[in-house]
Amino acid sequence: MTQDQVLNAVLTSKDLPTLPTVASQLITLTSREDTTLMDIAKLISQDMSLSSKILKLSNSSFYSFPQQISSINQAVSILGLNAVRSLVLSFSFLQMEGDSAGSKFDFTAFWERSLAGGVAAKTIMGTIQDDDTDEIFVSGLLRNLGQLLFACTFPRQYDEVLTKLEKNEGSRKELEESIIGADHAYIGYEVATKWGFPEELVLPILYHNQPDNYSGDNAEISRAIHCTYLADLLLKILYSDTPEKFHKQFRSEAKRLLGLNVLKINKILKDVHSRVNESSEYFGLAMPPTRSVEEILQEANLKLSLLNLSYEEMNRQLIKAKLELEKAKRELEQKNKLLENLANIDGLTEVYNHRYFQNFLDKEINRCIRNGKPIGIILTDIDKFKKFNDTYGHQTGDFILREFCRVTGAIIREYDLLARYGGEEFIFVLPETDAKNTAIAAEKLRKAIANHHFNDGKETYRVTSSFGVTSAQPQGAGFDKNGFIEQADQALYEAKNKGRNRVEIYEQKKKWFKLK
């Protein structure tokens with residue numbers, strides 16, 4: 001059969017999988033220029049099951065939004081058209097049915113690998129850009145759509161392809177073309193095009209095994225093709241019998257196609273298995289846990305070293321290797337924890353840094369929205385800190401900063417946060433604390449600093465600090481986090497203006513009062 005004959009047979013087959021109605025209508029709707037977000041939300045709302053899945057995923061760490069998303073209208077507004085379309089297509093694809101009875105094609109494994117491919121592509125794209133990774137997720141998910149179509153419409157012939165693949169009698173593309181008449185990349189691309197998928201989603205399907213064959217000049221599509229191709233290599237590391245071969249190839253191709261450096265490649269390899277495991281829960285697939293690339297490669301190296309050993313030697317080496325593997329795993333966990341600390345801890349004061357503070361505040365605001373509880377923050381600045389640096393030197397200034405953190409850190413509650421906001425400014429986050437109790441905590445901190453003798457072993461210094469206090473009870477997605485921090489900053493500014501070494505509390509009507 002020719003390619004066109006194979007495509008026609010697939011498209012006219014009674015066993016051809018079809019997209020659910022909502023997904024099909026959504027593709028049509030999003031192709032129109034006059035479509036509004038309200039039109040999209042109205043369509044999705046017709047399917048209660050799909051709506052609940054999208055809301056659940058929108059509120060998961062898959063997106064990590066600081067606010068709670070409570071309606072499809074809100075989800076569509078925050079996620080945007082492309083992201084919602086991608087989610088609908090993803091859920092629709094993963095619920096397609098296939099009959100495994102008497103077939104060598106494992107439908108369950110196929111959908112699991114498809115989801116892993118979407119996650120891998122999204123992870124790779126995420127190293128290049130922070131947003132717009134939803135469409136690449138769909139491309140990674142659908143890259144092997146043609147295999148599913150062959151298994152459903154040419155089951156006998158595709159079983160023959162799989163049998164010869166197991167015997168290493170040729171590549172998948174060669175066997176598909178010789179036995180069926182077309183390869184799965186071409187069929188997947190053509191059927192997805194017939195379904196109305198845009199070219200930015202279907203071209204990565206066509207070129208995911210041969211990225212260099214794409215001759216177009218669209219940089220975004222080229223990048224999507226490269227990410228989808230690399231995702232396929234990444235999955236071969238996770239699930240093939242020769243992970244070490246594909247590991248080397250992935251590193252080489254990631255550098256060649258995307259210009260990724262060693263640090264970015266290592267981060268992809270480190271993160272991908274945990275992201276696959278998280279996503280399987282979000283999309284409702286009961287997948288077995290995916291092991292880390294580090295563990296897979298260690299096991300592969302172990303197998304290679306055991307090939308020429310006797311049975312007794314093999315047993316001894318296996319026991320030894322198992323112990324070494326467990327030790328290496330513990331060391332890796334410790335190193336990962338150290339790396340995480342380096343990313344979150346201020347090197348000088350050893351308290352949390354500004355980046356960690358922002359993430360912590362997002363989570364606590366989100367939690368307070370769900371629980372209906374208040375949250376307080378205290379912004380503080382060491383008074384006349386420049387004097388310590390100018391008069392006594394920067395080493396003394398560094399000592400003051402470290403000692404300030406030691407003293408205040410010992411006072412706050414275990415679940416409160418102390419972070420370096422910048423320079424000599426520090427910020428405290430007090431979950432479930434109203435304005436009155438936040439102010440009381442600030443005054444306690446102020447007195448502790450004012451009464452403390454800062455002695456570096458050579459000299460004793462007297463230090464004071466000014467405090468700006470605010471508290472709020474967040475009420476949903478409209479809560480302005482930056483404005484909330486600005487309130488504390490304004491209160492701190494007022495404390496400085498009124499003579500320093502004092503606590504000022506922000507009040508909505510902009511009235512200022514000193515803590516009694």
# chains A, B, ... in the order shown; residues from 1 in each chain; ligands from 1
>>> residues_around(residues="Glu199 in chain A", least_positions_apart="4", cutoff="12 Å", atoms="only C-alpha atoms", output="list in words")
Ser31, Glu135, Ser139, Tyr189, Glu190, Ala192, Thr193, Lys194, Trp195, Leu203, Pro204, Ile205, Leu206, Tyr207, Gly216, Asn218, Glu220, Ile221, Ser222, Ala224 and Ile225 of chain A
>>> residues_around(residues="Leu379 in chain A", least_positions_apart="2", cutoff="8 Å", atoms="only C-alpha atoms", output="ChimeraX atom specification")
/A:377,381,425-428,467-469,488-489,492
>>> residues_around(residues="Pro431 in chain A", least_positions_apart="3", cutoff="7 Å", atoms="only C-alpha atoms", output="list in words")
Glu364, Ile375, Gly376 and Asp416 of chain A
>>> write_last_selection(atoms="C-alpha atoms", output="short mmCIF file (atom, residue, chain, number, x, y, z; two decimals), in the first residue's frame")
data_model
loop_
_atom_site.label_atom_id
_atom_site.label_comp_id
_atom_site.auth_asym_id
_atom_site.auth_seq_id
_atom_site.Cartn_x
_atom_site.Cartn_y
_atom_site.Cartn_z
CA GLU A 364 0.82 30.96 52.98
CA ILE A 375 -1.50 36.59 57.89
CA GLY A 376 0.96 39.16 59.20
CA ASP A 416 7.11 31.69 61.21
#
>>> residues_around(residues="Gln25 in chain A", least_positions_apart="6", cutoff="10 Å", atoms="only C-alpha atoms", output="list in words")
Leu19, Ile40, Leu43, Ile44 and Gly196 of chain A
>>> residues_around(residues="Gly140 in chain A", least_positions_apart="2", cutoff="7 Å", atoms="only C-alpha atoms", output="list in words")
Gly117, Gly118, Ala121, Ile136, Phe137, Val138, Leu142, Arg143, Thr228 and Ala231 of chain A
>>> closest_residue(among="A:Lys42, A:His394, A:His273, A:Lys248", to="Val119 in chain A", atoms="only C-alpha atoms")
A:His273
>>> residues_around(residues="Asn501 in chain A", least_positions_apart="2", cutoff="7 Å", atoms="only C-alpha atoms", output="number ranges by chain")
A: 464-466, 499
>>> select_by_dssp(residues="range 206-419 of chain A", states="strand (DSSP E or B)", output="list in words")
Ile345, Tyr352, Ile375, Gly376, Ile377, Ile378, Leu379, Thr380, Asp381, Ile382, Leu417, Leu418 and Ala419 of chain A
>>> residues_around(residues="range 396-398 of chain A", least_positions_apart="5", cutoff="8 Å", atoms="only C-alpha atoms", output="PyMOL selection string")
chain A and resi 348+385+388-389+456
>>> atom_distance(atom1="CA of Lys267 in chain A", atom2="CA of Val84 in chain A")
27.3 Å
>>> select_by_dssp(residues="range 103-267 of chain A", states="helix (DSSP H, G or I)", output="ChimeraX atom specification")
/A:107-126,134-142,145-153,155-166,172-179,184-194,199-207,211-213,219-239,243-258,262-267
>>> closest_residue(among="A:Asn209, A:Asn344, A:Ser279, A:Thr470", to="Thr380 in chain A", atoms="only C-alpha atoms")
A:Thr470
